[in-house]
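**Q** The structure is given below, and queries will be raised subsequently.
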Amino acid sequence: MNAWWLILGMAGITFVLRYSLFAWPDLRFPPMVRQGLHYVPTAVLTAIVVPGLLLPDGQHWALALDNAYLLAGLAAILIAALTRHLLATIGGSLLVFFMLRWILGQLPI
């Protein structure tokens with residue numbers, strides 16, 4: 001039952017926070033807060049992606065040349081920096097990832 005109270009509490013807090021922006025549409029944040037909010041997407045994406053690159057099994061660091069996740073992530077950074085094209089970055093890094101997995105014998109086929 002405690003899990004349900006936790007879920008309901010989180011849903012209530014999320015609703016109140018999101019509804020408050022509609023309830024007070026003239027609400028303006030100070031410049032320092034607005035500047036800080038610009039970094040939120042980068043911070044969230046980094047927090048999601050980096051553990052997957054460095055800890056592919058979820059437990060052990062994998063800073064080696066046989067880590068296809070890390071190498072494909074570095075390739076994605078390079079492709080994004082060179083092309084500035086989202087589709088090219090996604091397609092190119094997926095191609096690099098699967099080619100590395102095939103070359104390293106890590107494909108589950």
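Following the order of the structure tokens, chains are lettered A, B, ..., residues in each are numbered from 1, and ligands are numbered from 1.
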Which polymer residues have any atom within 12 Å of an atom of stretch 85-96 of chain A, counting only C-alpha atoms, with same-chain residues fewer than 3 positions away left out, as a list of chain:residue names?

**A** A:Ala68, A:Tyr69, A:Leu70, A:Leu71, A:Ala72, A:Gly73, A:Leu74, A:Ala75, A:Ala76, A:Ile77, A:Leu78, A:Ile79, A:Ala80, A:Ala81, A:Leu82, A:Met99, A:Leu100, A:Arg101, A:Trp102, A:Ile103, A:Leu104
